[in-house]
>>> print(open('structure-v7.txt').read())   # compact mmCIF, C-alpha atoms
# COMPACT_ATOMS: atom_id res chain seq x y z
CA MET A 1 0.00 0.00 0.00
CA ALA A 2 2.89 2.36 0.73
CA ASN A 3 4.13 1.81 -2.86
CA ARG A 4 0.72 2.67 -4.22
CA GLU A 5 0.56 5.89 -2.19
CA ARG A 6 4.06 6.89 -3.32
CA MET A 7 3.18 6.25 -6.97
CA GLN A 8 -0.05 8.23 -6.61
CA LYS A 9 1.83 11.09 -4.94
CA ARG A 10 4.48 11.03 -7.69
CA ARG A 11 1.75 11.15 -10.38
CA GLN A 12 0.12 14.10 -8.64
CA GLN A 13 3.46 15.92 -8.50
CA GLU A 14 4.12 15.21 -12.18
CA LYS A 15 0.62 16.38 -13.07
CA ARG A 16 1.17 19.62 -11.13
CA LYS A 17 4.48 20.19 -12.92
CA THR A 18 2.84 19.53 -16.29
CA ASN A 19 -0.05 21.87 -15.46
CA LEU A 20 2.37 24.59 -14.34
CA ALA A 21 4.43 24.23 -17.51
CA VAL A 22 1.35 24.31 -19.75
CA GLY A 23 -0.03 27.27 -17.79
CA GLY A 24 3.27 29.13 -18.10
CA ILE A 25 3.42 28.54 -21.83
CA ALA A 26 -0.20 29.64 -22.24
CA LEU A 27 0.46 32.78 -20.19
CA ALA A 28 3.53 33.59 -22.30
CA ILE A 29 1.52 33.18 -25.51
CA VAL A 30 -1.25 35.43 -24.18
CA ALA A 31 1.35 38.03 -23.13
CA ILE A 32 3.00 38.02 -26.57
CA ILE A 33 -0.37 38.37 -28.31
CA GLY A 34 -1.28 41.16 -25.90
CA LEU A 35 1.96 43.04 -26.61
CA ILE A 36 1.46 42.72 -30.35
CA PHE A 37 -2.12 43.93 -30.03
CA TRP A 38 -1.13 46.79 -27.70
CA ARG A 39 1.62 47.94 -30.07
CA ASP A 40 -0.88 48.10 -32.92
CA VAL A 41 -3.68 49.91 -31.06
CA ARG A 42 -1.90 52.16 -28.60
CA PRO A 43 -1.66 55.79 -29.56
CA GLY A 44 1.60 57.49 -30.24
CA VAL A 45 2.77 60.49 -28.23
CA GLY A 46 2.31 63.88 -29.87
CA THR A 47 0.61 64.73 -33.14
CA GLU A 48 0.32 62.00 -35.73
CA ILE A 49 1.43 63.19 -39.17
CA PRO A 50 0.16 61.00 -42.05
CA VAL A 51 2.95 59.19 -43.87
CA GLU A 52 2.61 60.08 -47.55
CA ARG A 53 5.86 58.69 -48.92
CA ALA A 54 8.58 56.36 -47.75
CA ASP A 55 10.56 55.72 -50.89
CA HIS A 56 14.30 55.86 -51.47
CA VAL A 57 15.43 58.37 -54.09
CA PRO A 58 18.85 58.81 -55.71
CA ASP A 59 21.30 61.14 -53.98
CA GLY A 60 20.84 64.69 -55.20
CA GLU A 61 17.15 64.26 -56.02
CA PRO A 62 14.78 66.51 -54.03
CA VAL A 63 13.02 64.90 -51.08
CA GLU A 64 9.46 65.42 -49.90
CA SER A 65 7.99 65.36 -46.41
CA PRO A 66 4.46 66.13 -45.28
CA SER A 67 5.72 68.30 -42.42
CA ASP A 68 8.34 70.74 -41.22
CA PRO A 69 10.31 69.33 -39.55
CA PRO A 70 10.08 66.04 -41.42
CA THR A 71 8.37 63.01 -39.90
CA SER A 72 8.49 60.83 -43.02
CA GLY A 73 8.92 61.15 -46.75
CA SER A 74 11.18 60.26 -49.64
CA HIS A 75 14.83 59.95 -48.61
CA TYR A 76 18.34 58.92 -49.61
CA ALA A 77 19.80 55.48 -48.96
CA ASP A 78 22.11 56.58 -46.12
CA PRO A 79 20.70 57.44 -42.68
CA MET A 80 22.16 60.24 -40.53
CA PRO A 81 24.34 58.90 -37.68
CA ALA A 82 23.20 59.50 -34.10
CA GLY A 83 24.67 62.60 -32.50
CA PHE A 84 24.35 66.22 -31.48
CA TYR A 85 24.80 68.49 -34.51
CA THR A 86 25.36 72.24 -34.61
CA LYS A 87 25.04 74.81 -37.39
CA GLU A 88 28.80 74.37 -37.93
CA SER A 89 28.60 70.59 -38.35
CA PRO A 90 29.50 69.39 -41.86
CA LYS A 91 26.33 67.26 -41.89
CA TYR A 92 24.23 70.37 -41.19
CA LEU A 93 26.03 72.37 -43.88
CA ALA A 94 25.48 69.60 -46.46
CA ASP A 95 22.68 70.07 -48.96
CA ASN A 96 19.60 67.94 -48.43
CA HIS A 97 20.47 66.77 -44.91
CA ASP A 98 16.74 66.16 -44.42
CA SER A 99 16.98 63.18 -46.77
CA ASN A 100 19.39 61.40 -44.43
CA LEU A 101 17.47 62.44 -41.32
CA ILE A 102 14.21 61.05 -42.76
CA HIS A 103 15.97 57.74 -43.38
CA SER A 104 17.04 57.71 -39.72
CA LEU A 105 13.43 58.30 -38.70
CA GLU A 106 12.42 55.32 -40.84
CA HIS A 107 14.91 53.27 -38.76
CA GLY A 108 13.25 54.24 -35.47
CA TYR A 109 15.35 57.28 -34.56
CA VAL A 110 14.07 60.28 -32.61
CA VAL A 111 15.21 63.71 -33.80
CA PHE A 112 15.34 66.73 -31.48
CA TRP A 113 14.94 69.69 -33.84
CA ARG A 114 15.84 72.94 -32.14
CA ASN A 115 15.61 76.62 -32.97
CA PHE A 116 17.81 78.49 -30.52
CA ASP A 117 17.00 81.76 -32.32
CA LEU A 118 13.70 81.77 -30.40
CA LEU A 119 15.43 81.79 -27.00
CA ASP A 120 17.62 84.12 -25.01
CA GLU A 121 21.12 83.02 -24.05
CA GLN A 122 20.05 81.35 -20.79
CA GLY A 123 17.15 79.60 -22.54
CA CYS A 124 19.58 78.26 -25.17
CA GLN A 125 21.94 76.96 -22.50
CA ASP A 126 19.10 75.31 -20.57
CA LEU A 127 17.57 73.64 -23.64
CA HIS A 128 21.01 72.53 -24.84
CA ALA A 129 21.65 70.96 -21.41
CA ASP A 130 18.18 69.32 -21.34
CA ILE A 131 18.67 67.74 -24.77
CA ARG A 132 22.22 66.60 -23.94
CA SER A 133 21.01 65.13 -20.65
CA THR A 134 18.25 63.20 -22.42
CA LEU A 135 20.64 61.88 -25.06
CA ASP A 136 23.06 60.84 -22.31
CA GLU A 137 20.28 59.13 -20.33
CA TYR A 138 19.56 56.91 -23.34
CA ASN A 139 23.24 56.66 -24.33
CA GLY A 140 22.41 58.62 -27.49
CA LEU A 141 21.10 55.41 -29.02
CA LYS A 142 19.08 56.23 -32.14
CA MET A 143 18.85 59.92 -31.24
CA ILE A 144 19.82 62.99 -33.17
CA ALA A 145 19.80 66.63 -32.10
CA PHE A 146 19.72 68.92 -35.12
CA PRO A 147 19.29 72.67 -35.74
CA ARG A 148 16.09 73.73 -37.54
CA PRO A 149 15.74 77.53 -37.96
CA SER A 150 12.37 77.12 -39.72
CA ILE A 151 10.46 75.71 -36.74
CA THR A 152 8.26 78.03 -34.68
CA ALA A 153 8.86 76.33 -31.32
CA PRO A 154 12.24 76.13 -29.58
CA LEU A 155 12.12 72.32 -29.70
CA VAL A 156 10.23 69.81 -31.83
CA MET A 157 10.79 66.09 -31.41
CA THR A 158 9.96 63.81 -34.32
CA SER A 159 9.79 60.11 -34.97
CA TRP A 160 8.36 58.29 -37.98
CA GLY A 161 4.88 59.80 -38.40
CA TYR A 162 4.81 61.72 -35.09
CA MET A 163 5.74 65.20 -33.88
CA GLN A 164 5.80 66.79 -30.42
CA GLU A 165 6.35 70.53 -30.01
CA PHE A 166 7.82 72.06 -26.85
CA GLU A 167 7.70 75.71 -25.85
CA THR A 168 9.57 74.62 -22.72
CA PHE A 169 11.28 71.28 -22.22
CA ASP A 170 9.25 68.59 -20.43
CA ALA A 171 11.49 65.63 -19.53
CA GLY A 172 8.55 63.31 -18.79
CA LEU A 173 6.87 64.01 -22.11
CA ALA A 174 10.17 63.65 -23.97
CA GLU A 175 10.75 60.29 -22.26
CA ARG A 176 7.28 59.02 -23.22
CA PHE A 177 7.87 60.11 -26.82
CA ILE A 178 11.23 58.28 -26.91
CA GLU A 179 9.84 55.11 -25.39
CA VAL A 180 6.64 54.86 -27.46
CA ASP A 181 6.92 56.49 -30.87
CA PRO A 182 9.99 54.84 -32.45
CA ASP A 183 8.02 51.56 -32.49
CA PHE A 184 5.84 53.03 -35.28
CA ALA A 185 8.80 53.32 -37.66
CA LEU A 186 8.84 51.14 -40.76
CA GLU A 187 12.20 49.57 -39.82
CA PRO A 188 12.58 50.11 -36.06
CA ASN A 189 15.24 47.41 -35.71
CA ALA A 190 17.48 48.72 -38.50
CA GLN A 191 20.66 50.55 -37.59
>>> encode(input="structure-v7.txt", output="structure tokens")
Amino acid sequence: MANRERMQKRRQQEKRKTNLAVGGIALAIVAIIGLIFWRDVRPGVGTEIPVERADHVPDGEPVESPSDPPTSGSHYADPMPAGFYTKESPKYLADNHDSNLIHSLEHGYVVFWRNFDLLDEQGCQDLHADIRSTLDEYNGLKMIAFPRPSITAPLVMTSWGYMQEFETFDAGLAERFIEVDPDFALEPNAQ
């Protein structure tokens, strides 16, 4: 009888292990489906800008974007490397830099477009420090800070199809934009 009880106990233990394993697998599947669904239905942060074009064009050909600053559009084959650019940067001085920046957006980058002409000296220093701090917090990964004299706000953040304007820097809003919006890019895992 002791053998029978041990065998029954062993079967119960094995059944519990099997049930736990099956339950864990089922939970993982439900979580993956939930994440996929959430990614597709959750809203982006900021204003959604309809994507009108996403084609590659030969270098030197004009590019088109539905917004200023760009959030999508036709672009050259080479993306802009991550970094903090100034008006003296060779990449800024190059013609058609938007074409490379749009390609970076397509790859899931976030661009901090800034117009320091709208700020006094202290405001420029503060915004510069805020942007640098944010880039440092995320190790600058897939982030670009770029001058944009044509914008009417001191800072506009863009990702593929989204734009967020800032009259004053809001670190929490910038963080939400960085963590949510790049997922909407056409090639978010590309370099």
>>> residues_around(input="structure-v7.txt", residues="segment 152-157 of chain A", least_positions_apart="4", cutoff="8 Å", atoms="all atoms listed in the file", output="ChimeraX atom specification")
/A:69,110-119,163-169,174
>>> atom_distance(input="structure-v7.txt", atom1="atom CA of Met80 of chain A", atom2="atom CA of Pro149 of chain A")
18.6 Å
>>> atom_distance(input="structure-v7.txt", atom1="atom CA of Asn96 of chain A", atom2="atom CA of Gly140 of chain A")
23.1 Å
>>> closest_residue(input="structure-v7.txt", among="A:Asp98, A:Asp120, A:Leu127, A:Leu186", to="Asp68 of chain A", atoms="only C-alpha atoms")
A:Asp98
>>> atom_distance(input="structure-v7.txt", atom1="atom CA of Leu105 of chain A", atom2="atom CA of Ser72 of chain A")
7.0 Å
>>> closest_residue(input="structure-v7.txt", among="A:Tyr162, A:Val180, A:Gly172, A:His97", to="Val51 of chain A", atoms="all atoms listed in the file")
A:Tyr162
>>> residues_around(input="structure-v7.txt", residues="Asp136 of chain A", least_positions_apart="6", cutoff="12 Å", atoms="only C-alpha atoms", output="PyMOL selection string")
chain A and resi 82-84+129-130+142-145
>>> closest_residue(input="structure-v7.txt", among="A:Phe146, A:Tyr138, A:Tyr92, A:Tyr109", to="Pro182 of chain A", atoms="all atoms listed in the file")
A:Tyr109
